[in-house]
file coords-v4.tsv (TSV, C-alpha atoms)
chain	number	residue	atom	x	y	z
A	12	GLY	CA	73.48	98.46	120.39
A	13	ASP	CA	76.09	97.92	117.72
A	14	ARG	CA	77.72	101.17	116.67
A	15	ARG	CA	79.82	100.20	113.66
A	16	PRO	CA	77.83	101.30	110.61
A	17	GLY	CA	80.71	103.25	109.06
A	18	ARG	CA	82.84	100.18	108.43
A	19	VAL	CA	79.90	98.21	107.07
A	20	SER	CA	78.85	101.03	104.73
A	21	VAL	CA	82.31	101.56	103.27
A	22	ALA	CA	82.92	97.83	102.84
A	23	MET	CA	79.59	97.34	101.10
A	24	VAL	CA	80.25	100.27	98.75
A	25	GLU	CA	83.51	98.65	97.66
A	26	PHE	CA	81.74	95.33	97.19
A	27	GLY	CA	78.99	97.02	95.16
A	28	ARG	CA	81.55	98.61	92.87
A	29	SER	CA	83.16	95.24	92.27
A	30	LEU	CA	79.79	93.79	91.22
A	31	SER	CA	79.13	96.52	88.65
A	32	GLU	CA	82.70	96.95	87.31
A	33	ASP	CA	83.66	95.80	83.84
A	34	ALA	CA	86.62	93.45	83.51
A	35	GLY	CA	89.93	95.22	83.91
A	36	GLY	CA	89.54	96.79	87.34
A	37	GLY	CA	91.99	99.27	88.75
A	38	GLU	CA	95.16	99.35	90.73
A	39	HIS	CA	95.00	99.38	94.51
A	40	GLY	CA	97.36	101.54	96.40
A	41	GLY	CA	97.69	104.39	98.84
A	42	GLY	CA	98.13	107.08	96.16
A	43	ALA	CA	94.41	107.48	95.54
A	44	PHE	CA	93.86	108.53	99.11
A	45	ALA	CA	96.29	111.42	98.78
A	46	LYS	CA	94.80	112.39	95.42
A	47	ASP	CA	91.32	113.21	96.75
A	48	SER	CA	91.50	113.36	100.53
A	49	THR	CA	88.77	116.04	100.74
A	50	GLY	CA	86.26	113.99	98.77
A	51	GLY	CA	87.23	110.89	100.71
A	52	GLY	CA	86.64	112.70	104.00
A	53	LEU	CA	83.22	113.91	102.88
A	54	PHE	CA	82.33	110.41	101.73
A	55	LEU	CA	83.30	109.05	105.16
A	56	VAL	CA	80.97	111.57	106.79
A	57	LEU	CA	78.23	110.53	104.36
A	58	CYS	CA	78.70	106.87	105.28
A	59	LEU	CA	78.56	107.65	108.99
A	60	ALA	CA	75.40	109.74	108.48
A	61	ILE	CA	73.79	106.92	106.49
A	62	GLY	CA	74.70	104.46	109.23
A	63	LEU	CA	73.21	106.65	111.97
A	64	LEU	CA	70.00	107.32	110.04
A	65	THR	CA	69.63	103.65	109.16
A	66	ARG	CA	70.23	102.49	112.73
A	67	ASN	CA	67.98	105.03	114.46
A	68	VAL	CA	65.29	105.91	111.88
A	69	LEU	CA	64.86	103.09	109.37
A	70	ALA	CA	65.77	100.01	111.44
A	71	PRO	CA	63.03	100.38	114.12
A	72	ASN	CA	60.39	100.23	111.38
A	73	MET	CA	61.89	97.31	109.49
A	74	PRO	CA	61.31	93.57	110.15
A	75	PHE	CA	64.96	92.66	109.50
A	76	PRO	CA	68.34	93.78	110.95
A	77	TYR	CA	69.69	97.17	109.98
A	78	THR	CA	72.88	95.57	108.64
A	79	VAL	CA	70.79	94.16	105.78
A	80	ILE	CA	69.64	97.70	104.97
A	81	LEU	CA	73.25	98.88	105.01
A	82	LEU	CA	74.16	96.08	102.62
A	83	ILE	CA	71.48	97.18	100.14
A	84	ILE	CA	72.41	100.87	100.45
A	85	GLY	CA	76.10	100.07	100.05
A	86	LEU	CA	75.50	97.98	96.94
A	87	GLY	CA	73.43	100.81	95.49
A	88	LEU	CA	76.08	103.46	96.21
A	89	GLY	CA	78.79	101.24	94.76
A	90	ALA	CA	76.84	100.67	91.56
A	91	LEU	CA	76.04	104.40	91.35
A	92	SER	CA	79.70	105.32	91.61
A	93	ASN	CA	80.47	103.11	88.63
A	94	VAL	CA	77.67	104.67	86.58
A	95	ALA	CA	78.78	108.22	87.46
A	96	ASP	CA	82.03	107.80	85.54
A	97	GLY	CA	84.52	110.64	86.05
A	98	SER	CA	82.44	112.39	88.71
A	99	GLN	CA	83.63	113.66	92.08
A	100	PHE	CA	81.44	111.03	93.72
A	101	GLN	CA	83.31	108.25	91.92
A	102	ASP	CA	86.64	109.81	92.90
A	103	ALA	CA	85.51	109.88	96.54
A	104	VAL	CA	84.49	106.22	96.42
A	105	ASN	CA	87.77	105.31	94.73
A	106	THR	CA	89.62	107.07	97.53
A	107	TRP	CA	88.32	104.47	99.99
A	108	ALA	CA	88.16	101.55	97.59
A	109	ASN	CA	91.89	101.95	96.82
A	110	ILE	CA	93.07	102.68	100.35
A	111	ASP	CA	96.13	100.83	101.56
A	112	PRO	CA	94.83	97.75	103.44
A	113	HIS	CA	97.50	98.26	106.11
A	114	THR	CA	95.80	101.56	106.98
A	115	ILE	CA	92.58	99.71	107.76
A	116	LEU	CA	94.52	97.14	109.79
A	117	VAL	CA	96.36	99.74	111.88
A	118	VAL	CA	93.65	102.41	112.26
A	119	PHE	CA	90.27	100.67	112.30
A	120	LEU	CA	90.93	97.14	113.58
A	121	PRO	CA	92.24	98.12	117.06
A	122	THR	CA	89.22	100.37	117.55
A	123	LEU	CA	86.76	97.64	116.58
A	124	ILE	CA	88.46	95.04	118.79
A	125	PHE	CA	88.51	97.48	121.72
A	126	GLU	CA	84.79	98.19	121.28
A	127	SER	CA	83.99	94.48	121.30
A	128	ALA	CA	86.17	93.77	124.34
A	129	PHE	CA	84.83	96.80	126.19
A	130	SER	CA	81.20	95.76	125.69
A	131	VAL	CA	81.67	92.12	126.76
A	132	ASP	CA	80.29	91.23	130.19
A	133	PHE	CA	83.44	90.36	132.16
A	134	HIS	CA	81.75	88.08	134.71
A	135	ILE	CA	80.03	85.96	132.05
A	136	PHE	CA	83.25	85.96	130.02
A	137	ARG	CA	85.21	84.64	133.00
A	138	ARG	CA	82.65	81.91	133.77
A	139	SER	CA	82.53	80.85	130.12
A	140	PHE	CA	86.26	81.09	129.43
A	141	TRP	CA	86.92	77.39	128.85
A	142	GLN	CA	83.95	77.10	126.51
A	143	LEU	CA	85.29	80.09	124.60
A	144	PHE	CA	88.76	78.56	124.56
A	145	ILE	CA	87.47	75.29	123.08
A	146	LEU	CA	85.62	77.19	120.36
A	147	ALA	CA	88.49	79.57	119.63
A	148	VAL	CA	91.40	77.09	119.51
A	149	PRO	CA	90.34	73.48	118.76
A	150	GLY	CA	87.13	74.66	117.09
A	151	MET	CA	88.99	77.13	114.92
A	152	ALA	CA	91.55	74.45	113.99
A	153	ILE	CA	88.76	72.06	112.95
A	154	GLY	CA	87.11	74.81	110.89
A	155	THR	CA	90.41	75.57	109.20
A	156	GLY	CA	90.94	71.92	108.31
A	157	LEU	CA	87.42	71.42	106.94
A	158	THR	CA	87.63	74.59	104.85
A	159	ALA	CA	91.02	73.47	103.53
A	160	ALA	CA	89.51	70.11	102.53
A	161	VAL	CA	86.82	71.96	100.57
A	162	GLY	CA	89.55	74.00	98.85
A	163	VAL	CA	91.53	70.90	97.89
A	164	TYR	CA	88.76	68.52	96.84
A	165	LEU	CA	85.88	70.75	95.66
A	166	PHE	CA	87.39	73.98	94.31
A	167	PRO	CA	88.69	73.80	90.71
A	168	TYR	CA	91.87	75.80	91.48
A	169	GLN	CA	94.20	72.86	92.19
A	170	TRP	CA	95.41	74.41	95.42
A	171	SER	CA	98.02	72.68	97.53
A	172	TRP	CA	97.19	71.73	101.11
A	173	GLU	CA	99.39	74.58	102.37
A	174	ALA	CA	97.50	77.19	100.31
A	175	SER	CA	94.15	75.68	101.28
A	176	LEU	CA	95.05	75.71	104.97
A	177	MET	CA	96.08	79.37	104.68
A	178	PHE	CA	92.73	80.08	103.03
A	179	GLY	CA	90.93	78.18	105.78
A	180	SER	CA	92.72	80.09	108.54
A	181	ILE	CA	91.47	83.36	107.02
A	182	LEU	CA	87.83	82.23	106.86
A	183	ALA	CA	87.90	80.58	110.28
A	184	ALA	CA	88.30	83.95	112.06
A	185	THR	CA	84.66	84.97	112.51
A	186	ASP	CA	83.32	88.52	112.77
A	187	PRO	CA	79.82	88.24	114.29
A	188	VAL	CA	78.85	91.93	114.08
A	189	ALA	CA	75.50	91.31	112.41
A	190	VAL	CA	74.78	88.20	114.51
A	191	VAL	CA	75.38	89.97	117.82
A	192	ALA	CA	73.27	92.94	116.72
A	193	LEU	CA	70.43	90.57	115.80
A	194	LEU	CA	70.70	88.73	119.13
A	195	LYS	CA	70.42	92.03	121.00
A	196	GLU	CA	67.34	93.02	119.01
A	197	LEU	CA	65.71	89.62	119.65
A	198	GLY	CA	66.45	89.77	123.37
A	199	ALA	CA	68.61	86.62	123.44
A	200	SER	CA	70.40	85.64	126.63
A	201	LYS	CA	73.49	87.58	127.60
A	202	GLN	CA	75.51	84.38	127.92
A	203	LEU	CA	74.82	83.35	124.31
A	204	GLU	CA	75.77	86.83	123.12
A	205	THR	CA	78.99	86.73	125.18
A	206	LEU	CA	79.87	83.26	123.84
A	207	ILE	CA	79.58	84.39	120.23
A	208	GLU	CA	81.38	87.71	120.61
A	209	GLY	CA	83.98	86.41	123.07
A	210	GLU	CA	84.88	83.53	120.76
A	211	SER	CA	85.43	85.97	117.90
A	212	LEU	CA	87.81	87.96	120.11
A	213	LEU	CA	89.87	84.93	121.14
A	214	ASN	CA	90.07	83.19	117.78
A	215	ASP	CA	91.80	86.18	116.15
A	216	GLY	CA	95.07	85.27	117.85
A	217	THR	CA	94.74	81.62	116.83
A	218	ALA	CA	93.96	82.64	113.25
A	219	ILE	CA	97.00	84.95	113.05
A	220	VAL	CA	99.34	82.20	114.25
A	221	ALA	CA	97.83	79.67	111.81
A	222	PHE	CA	97.87	82.13	108.91
A	223	THR	CA	101.50	83.07	109.57
A	224	ALA	CA	102.54	79.43	109.70
A	225	PHE	CA	100.73	78.38	106.51
A	226	ARG	CA	101.74	81.54	104.67
A	227	GLY	CA	105.37	80.72	105.42
A	228	MET	CA	104.84	77.24	103.99
A	229	VAL	CA	103.31	78.65	100.81
A	230	LEU	CA	106.22	81.07	100.37
A	231	GLY	CA	108.77	78.37	101.09
A	232	GLU	CA	109.85	79.80	104.45
A	233	GLU	CA	110.93	77.34	107.07
A	234	LYS	CA	109.79	77.95	110.65
A	235	THR	CA	110.56	75.63	113.51
A	236	ILE	CA	107.96	74.51	116.03
A	237	GLU	CA	109.76	76.59	118.67
A	238	GLU	CA	109.41	79.75	116.54
A	239	LEU	CA	105.69	79.16	115.98
A	240	VAL	CA	105.09	78.46	119.68
A	241	GLY	CA	107.06	81.58	120.61
A	242	PHE	CA	105.01	83.65	118.17
A	243	GLY	CA	101.79	82.27	119.63
A	244	LEU	CA	102.92	83.04	123.18
A	245	GLN	CA	103.93	86.53	122.11
A	246	LEU	CA	100.39	87.19	120.90
A	247	SER	CA	98.51	85.36	123.65
A	248	LEU	CA	100.57	86.73	126.55
A	249	GLY	CA	102.09	89.92	125.17
A	250	GLY	CA	98.72	91.32	124.08
A	251	PRO	CA	97.03	90.95	127.49
A	252	LEU	CA	100.17	92.29	129.21
A	253	LEU	CA	100.17	95.45	127.08
A	254	GLY	CA	96.41	95.75	127.59
A	255	ALA	CA	96.82	95.56	131.37
A	256	ILE	CA	99.54	98.23	131.31
A	257	PHE	CA	97.46	100.64	129.22
A	258	ALA	CA	94.37	99.86	131.33
A	259	ALA	CA	96.26	100.82	134.48
A	260	ILE	CA	97.41	104.06	132.85
A	261	SER	CA	93.84	104.82	131.74
A	262	ILE	CA	92.44	104.16	135.23
A	263	VAL	CA	94.95	106.56	136.77
A	264	ALA	CA	94.20	109.21	134.14
A	265	LEU	CA	90.43	108.85	134.56
A	266	SER	CA	90.74	109.14	138.33
A	267	TYR	CA	92.08	112.66	137.80
A	268	LEU	CA	89.51	113.59	135.13
A	269	TYR	CA	86.33	112.05	136.54
A	270	ASN	CA	85.57	114.80	139.04
A	271	ASP	CA	87.06	117.59	136.92
A	272	ALA	CA	84.43	120.33	136.69
A	273	VAL	CA	85.85	121.55	133.38
call {"tool": "encode", "arguments": {"input": "coords-v4.tsv", "output": "C-alpha cells"}}
result
Amino acid sequence: GDRRPGRVSVAMVEFGRSLSEDAGGGEHGGGAFAKDSTGGGLFLVLCLAIGLLTRNVLAPNMPFPYTVILLIIGLGLGALSNVADGSQFQDAVNTWANIDPHTILVVFLPTLIFESAFSVDFHIFRRSFWQLFILAVPGMAIGTGLTAAVGVYLFPYQWSWEASLMFGSILAATDPVAVVALLKELGASKQLETLIEGESLLNDGTAIVAFTAFRGMVLGEEKTIEELVGFGLQLSLGGPLLGAIFAAISIVALSYLYNDAV
C-alpha cells in the first residue's frame, strides 16, 4: 500500500492553519526550524503516528480512502494550532509550516520519487513506455497550454502569457498519491496503476524544463533553444545515468550484506 502519510499530514496541517489564520500571516524562513527543533521533531513523530493509525486502524473500517481522513485530521490540527495561541503545540506546527522549502525539495522529494520508482512494475512500465511518454511530454505540454489559457482569459489577475505558462507548468506535474492508493484498494488492473504512477514520474522532468524556460521569460532572462535542449537532455539522460551508477553500487553492496548473519 501507499506509505506516505507523514508528508500528507504535515501538508494538511499547514493548509489548515492557512484557512484559520487572520490576515497578516507570518514570515517563512528557516529560522523557525532552529528555534524549536525539539518540538518540531515531536510533531513529526505525532504526524507519522497519526498516519500509521489512520492507515491501519481507521481506514479498513471507512468507506472512503484514508487520505481523506488525513485531510480532515490535518485541517483540524491546523485550526487547533491557531486557536492555541502561544502554546508549544503552535510553536511545533510553526516549525514545519515555516520550514525552508528547499529543505523539503532536497530531503523529502528524492525519497518520495525513489519509493514510486521502486514500486513500479518494471515489465509493465517497459511495455507501456510509449504511452507514458505521450502522456508525460505532449500531454503535459497540452495541459500546460490549456491551464495558461485559463490564467489569461478567465483569471482576473491580468497575467501575461509567460506567467500563465509558468503557472500551467507547475500544475501540469501531477502527484497521484491518493489516486494510486484508491486504485490499489479497489483492485484495479496493475497496468492502469502503472500508467498513472509512471506518467507522474516521467512528467516531472518535462515540467522542470518547461518551468525553467517560462520562469526565465518572466524574469527577463534570455535562453537559447540550444540551452533549453541541453538542459532537457541533462535531466532526461543524466538522471538515469546517475541512477544506473548508484543502482550498480547498491547491487554490489547488497550482494555482500544479503547473506550476512549479523
call {"tool": "residues_near_point", "arguments": {"input": "coords-v4.tsv", "point": "(95.8, 74.0, 101.8)", "cutoff": "7 Å", "atoms": "all atoms listed in the file", "output": "NGL selection string"}}
result
:A and (159 or 162-163 or 170-178)
call {"tool": "closest_residue", "arguments": {"input": "coords-v4.tsv", "among": "A:Pro121, A:Val229, A:Leu91, A:Val148", "to": "Gly250 of chain A", "atoms": "all atoms listed in the file"}}
result
A:Pro121
call {"tool": "closest_residue", "arguments": {"input": "coords-v4.tsv", "among": "A:Met73, A:Leu86, A:Ala184, A:Leu203", "to": "Ala147 of chain A", "atoms": "only C-alpha atoms"}}
result
A:Ala184
call {"tool": "axis_aligned_box", "arguments": {"input": "coords-v4.tsv", "around": "segment 91-94 of chain A", "padding_each_side": "5 Å", "output": "lines of an AutoDock Vina configuration file"}}
result
center_x = 78.3
center_y = 104.2
center_z = 89.1
size_x = 14.4
size_y = 12.2
size_z = 15.0
call {"tool": "closest_residue", "arguments": {"input": "coords-v4.tsv", "among": "A:Phe119, A:Phe133, A:Phe100, A:Tyr267", "to": "Leu206 of chain A", "atoms": "all atoms listed in the file"}}
result
A:Phe133
call {"tool": "atom_distance", "arguments": {"input": "coords-v4.tsv", "atom1": "atom CA of Ser92 of chain A", "atom2": "atom CA of Phe54 of chain A"}}
result
11.6 Å
call {"tool": "atom_distance", "arguments": {"input": "coords-v4.tsv", "atom1": "atom CA of Thr155 of chain A", "atom2": "atom CA of Thr217 of chain A"}}
result
10.7 Å
call {"tool": "residues_around", "arguments": {"input": "coords-v4.tsv", "residues": "Ser139 of chain A", "least_positions_apart": "2", "cutoff": "12 Å", "atoms": "all atoms listed in the file", "output": "PyMOL selection string"}}
result
chain A and resi 131-137+141-146+201-210
call {"tool": "atom_distance", "arguments": {"input": "coords-v4.tsv", "atom1": "atom CA of Phe125 of chain A", "atom2": "atom CA of Leu265 of chain A"}}
result
17.3 Å
call {"tool": "closest_residue", "arguments": {"input": "coords-v4.tsv", "among": "A:Leu246, A:Ala95, A:Val220, A:Leu165", "to": "Ile181 of chain A", "atoms": "only C-alpha atoms"}}
result
A:Val220
call {"tool": "residues_around", "arguments": {"input": "coords-v4.tsv", "residues": "Ser247 of chain A", "least_positions_apart": "4", "cutoff": "7 Å", "atoms": "all atoms listed in the file", "output": "ChimeraX atom specification"}}
result
/A:216,243,251
call {"tool": "write_last_selection", "arguments": {"input": "coords-v4.tsv", "atoms": "C-alpha atoms", "output": "short mmCIF file (atom, residue, chain, number, x, y, z; two decimals), keeping the file's coordinate frame"}}
result
data_model
loop_
_atom_site.label_atom_id
_atom_site.label_comp_id
_atom_site.auth_asym_id
_atom_site.auth_seq_id
_atom_site.Cartn_x
_atom_site.Cartn_y
_atom_site.Cartn_z
CA GLY A 216 95.07 85.27 117.85
CA GLY A 243 101.79 82.27 119.63
CA PRO A 251 97.03 90.95 127.49
#
call {"tool": "closest_residue", "arguments": {"input": "coords-v4.tsv", "among": "A:Ala128, A:Leu182, A:Ile219, A:Ala160", "to": "Gly254 of chain A", "atoms": "all atoms listed in the file"}}
result
A:Ala128
call {"tool": "closest_residue", "arguments": {"input": "coords-v4.tsv", "among": "A:Ser266, A:Ser180, A:Thr49, A:Ser261", "to": "Gly150 of chain A", "atoms": "all atoms listed in the file"}}
result
A:Ser180
call {"tool": "decode", "arguments": {"input": "coords-v4.tsv", "residues": "segment 48-74 of chain A", "atoms": "N, CA, C and O atoms", "output": "PDB file, in the first residue's frame"}}
result
ATOM      1  N   SER A  48      13.496  23.017  17.394  1.00  0.00           N
ATOM      2  CA  SER A  48      13.735  21.757  16.708  1.00  0.00           C
ATOM      3  C   SER A  48      13.190  20.575  17.497  1.00  0.00           C
ATOM      4  O   SER A  48      12.744  19.590  16.917  1.00  0.00           O
ATOM      5  N   THR A  49      13.196  20.648  18.849  1.00  0.00           N
ATOM      6  CA  THR A  49      12.678  19.548  19.656  1.00  0.00           C
ATOM      7  C   THR A  49      11.181  19.385  19.447  1.00  0.00           C
ATOM      8  O   THR A  49      10.680  18.289  19.196  1.00  0.00           O
ATOM      9  N   GLY A  50      10.439  20.497  19.558  1.00  0.00           N
ATOM     10  CA  GLY A  50       9.005  20.440  19.325  1.00  0.00           C
ATOM     11  C   GLY A  50       8.678  20.018  17.913  1.00  0.00           C
ATOM     12  O   GLY A  50       7.728  19.257  17.677  1.00  0.00           O
ATOM     13  N   GLY A  51       9.466  20.489  16.949  1.00  0.00           N
ATOM     14  CA  GLY A  51       9.241  20.088  15.564  1.00  0.00           C
ATOM     15  C   GLY A  51       9.462  18.600  15.357  1.00  0.00           C
ATOM     16  O   GLY A  51       8.719  17.949  14.624  1.00  0.00           O
ATOM     17  N   GLY A  52      10.487  18.048  16.020  1.00  0.00           N
ATOM     18  CA  GLY A  52      10.736  16.611  15.923  1.00  0.00           C
ATOM     19  C   GLY A  52       9.611  15.790  16.528  1.00  0.00           C
ATOM     20  O   GLY A  52       9.175  14.785  15.958  1.00  0.00           O
ATOM     21  N   LEU A  53       9.104  16.231  17.681  1.00  0.00           N
ATOM     22  CA  LEU A  53       7.988  15.530  18.312  1.00  0.00           C
ATOM     23  C   LEU A  53       6.730  15.612  17.449  1.00  0.00           C
ATOM     24  O   LEU A  53       5.961  14.647  17.357  1.00  0.00           O
ATOM     25  N   PHE A  54       6.530  16.769  16.817  1.00  0.00           N
ATOM     26  CA  PHE A  54       5.363  16.911  15.955  1.00  0.00           C
ATOM     27  C   PHE A  54       5.467  15.996  14.744  1.00  0.00           C
ATOM     28  O   PHE A  54       4.462  15.431  14.285  1.00  0.00           O
ATOM     29  N   LEU A  55       6.681  15.820  14.208  1.00  0.00           N
ATOM     30  CA  LEU A  55       6.878  14.891  13.095  1.00  0.00           C
ATOM     31  C   LEU A  55       6.521  13.472  13.513  1.00  0.00           C
ATOM     32  O   LEU A  55       5.849  12.740  12.771  1.00  0.00           O
ATOM     33  N   VAL A  56       6.957  13.080  14.707  1.00  0.00           N
ATOM     34  CA  VAL A  56       6.614  11.746  15.215  1.00  0.00           C
ATOM     35  C   VAL A  56       5.104  11.603  15.373  1.00  0.00           C
ATOM     36  O   VAL A  56       4.517  10.565  15.049  1.00  0.00           O
ATOM     37  N   LEU A  57       4.456  12.676  15.869  1.00  0.00           N
ATOM     38  CA  LEU A  57       2.997  12.653  16.010  1.00  0.00           C
ATOM     39  C   LEU A  57       2.322  12.462  14.658  1.00  0.00           C
ATOM     40  O   LEU A  57       1.375  11.664  14.536  1.00  0.00           O
ATOM     41  N   CYS A  58       2.793  13.168  13.640  1.00  0.00           N
ATOM     42  CA  CYS A  58       2.201  13.034  12.308  1.00  0.00           C
ATOM     43  C   CYS A  58       2.382  11.626  11.752  1.00  0.00           C
ATOM     44  O   CYS A  58       1.456  11.053  11.157  1.00  0.00           O
ATOM     45  N   LEU A  59       3.563  11.061  11.950  1.00  0.00           N
ATOM     46  CA  LEU A  59       3.800   9.694  11.485  1.00  0.00           C
ATOM     47  C   LEU A  59       2.907   8.705  12.211  1.00  0.00           C
ATOM     48  O   LEU A  59       2.360   7.771  11.607  1.00  0.00           O
ATOM     49  N   ALA A  60       2.741   8.899  13.550  1.00  0.00           N
ATOM     50  CA  ALA A  60       1.868   8.013  14.321  1.00  0.00           C
ATOM     51  C   ALA A  60       0.420   8.129  13.856  1.00  0.00           C
ATOM     52  O   ALA A  60      -0.287   7.125  13.721  1.00  0.00           O
ATOM     53  N   ILE A  61      -0.026   9.364  13.603  1.00  0.00           N
ATOM     54  CA  ILE A  61      -1.390   9.568  13.101  1.00  0.00           C
ATOM     55  C   ILE A  61      -1.563   8.877  11.749  1.00  0.00           C
ATOM     56  O   ILE A  61      -2.586   8.228  11.483  1.00  0.00           O
ATOM     57  N   GLY A  62      -0.558   9.008  10.889  1.00  0.00           N
ATOM     58  CA  GLY A  62      -0.641   8.365   9.581  1.00  0.00           C
ATOM     59  C   GLY A  62      -0.732   6.851   9.689  1.00  0.00           C
ATOM     60  O   GLY A  62      -1.532   6.213   9.007  1.00  0.00           O
ATOM     61  N   LEU A  63       0.086   6.259  10.561  1.00  0.00           N
ATOM     62  CA  LEU A  63       0.066   4.803  10.731  1.00  0.00           C
ATOM     63  C   LEU A  63      -1.261   4.321  11.301  1.00  0.00           C
ATOM     64  O   LEU A  63      -1.841   3.332  10.830  1.00  0.00           O
ATOM     65  N   LEU A  64      -1.762   5.015  12.328  1.00  0.00           N
ATOM     66  CA  LEU A  64      -3.032   4.621  12.933  1.00  0.00           C
ATOM     67  C   LEU A  64      -4.180   4.776  11.938  1.00  0.00           C
ATOM     68  O   LEU A  64      -5.069   3.922  11.871  1.00  0.00           O
ATOM     69  N   THR A  65      -4.140   5.859  11.173  1.00  0.00           N
ATOM     70  CA  THR A  65      -5.201   6.085  10.190  1.00  0.00           C
ATOM     71  C   THR A  65      -5.184   5.008   9.113  1.00  0.00           C
ATOM     72  O   THR A  65      -6.228   4.457   8.743  1.00  0.00           O
ATOM     73  N   ARG A  66      -3.996   4.689   8.629  1.00  0.00           N
ATOM     74  CA  ARG A  66      -3.860   3.716   7.540  1.00  0.00           C
ATOM     75  C   ARG A  66      -4.242   2.313   7.975  1.00  0.00           C
ATOM     76  O   ARG A  66      -4.894   1.565   7.231  1.00  0.00           O
ATOM     77  N   ASN A  67      -3.863   1.920   9.197  1.00  0.00           N
ATOM     78  CA  ASN A  67      -4.013   0.524   9.608  1.00  0.00           C
ATOM     79  C   ASN A  67      -5.191   0.264  10.541  1.00  0.00           C
ATOM     80  O   ASN A  67      -5.596  -0.890  10.695  1.00  0.00           O
ATOM     81  N   VAL A  68      -5.737   1.300  11.174  1.00  0.00           N
ATOM     82  CA  VAL A  68      -6.831   1.095  12.131  1.00  0.00           C
ATOM     83  C   VAL A  68      -8.133   1.715  11.624  1.00  0.00           C
ATOM     84  O   VAL A  68      -9.173   1.052  11.570  1.00  0.00           O
ATOM     85  N   LEU A  69      -8.082   2.983  11.229  1.00  0.00           N
ATOM     86  CA  LEU A  69      -9.311   3.667  10.822  1.00  0.00           C
ATOM     87  C   LEU A  69      -9.720   3.330   9.394  1.00  0.00           C
ATOM     88  O   LEU A  69     -10.900   3.093   9.114  1.00  0.00           O
ATOM     89  N   ALA A  70      -8.754   3.329   8.472  1.00  0.00           N
ATOM     90  CA  ALA A  70      -9.076   3.171   7.045  1.00  0.00           C
ATOM     91  C   ALA A  70      -9.828   1.884   6.718  1.00  0.00           C
ATOM     92  O   ALA A  70     -10.766   1.914   5.908  1.00  0.00           O
ATOM     93  N   PRO A  71      -9.448   0.720   7.295  1.00  0.00           N
ATOM     94  CA  PRO A  71     -10.183  -0.508   6.942  1.00  0.00           C
ATOM     95  C   PRO A  71     -11.671  -0.463   7.282  1.00  0.00           C
ATOM     96  O   PRO A  71     -12.456  -1.215   6.699  1.00  0.00           O
ATOM     97  N   ASN A  72     -12.059   0.401   8.206  1.00  0.00           N
ATOM     98  CA  ASN A  72     -13.458   0.478   8.620  1.00  0.00           C
ATOM     99  C   ASN A  72     -14.196   1.658   8.012  1.00  0.00           C
ATOM    100  O   ASN A  72     -15.328   1.954   8.413  1.00  0.00           O
ATOM    101  N   MET A  73     -13.551   2.354   7.081  1.00  0.00           N
ATOM    102  CA  MET A  73     -14.150   3.527   6.478  1.00  0.00           C
ATOM    103  C   MET A  73     -14.485   3.258   5.005  1.00  0.00           C
ATOM    104  O   MET A  73     -13.748   2.533   4.332  1.00  0.00           O
ATOM    105  N   PRO A  74     -15.555   3.860   4.492  1.00  0.00           N
ATOM    106  CA  PRO A  74     -15.941   3.618   3.090  1.00  0.00           C
ATOM    107  C   PRO A  74     -15.214   4.505   2.086  1.00  0.00           C
ATOM    108  O   PRO A  74     -15.539   4.484   0.904  1.00  0.00           O
TER     109      PRO A  74
END
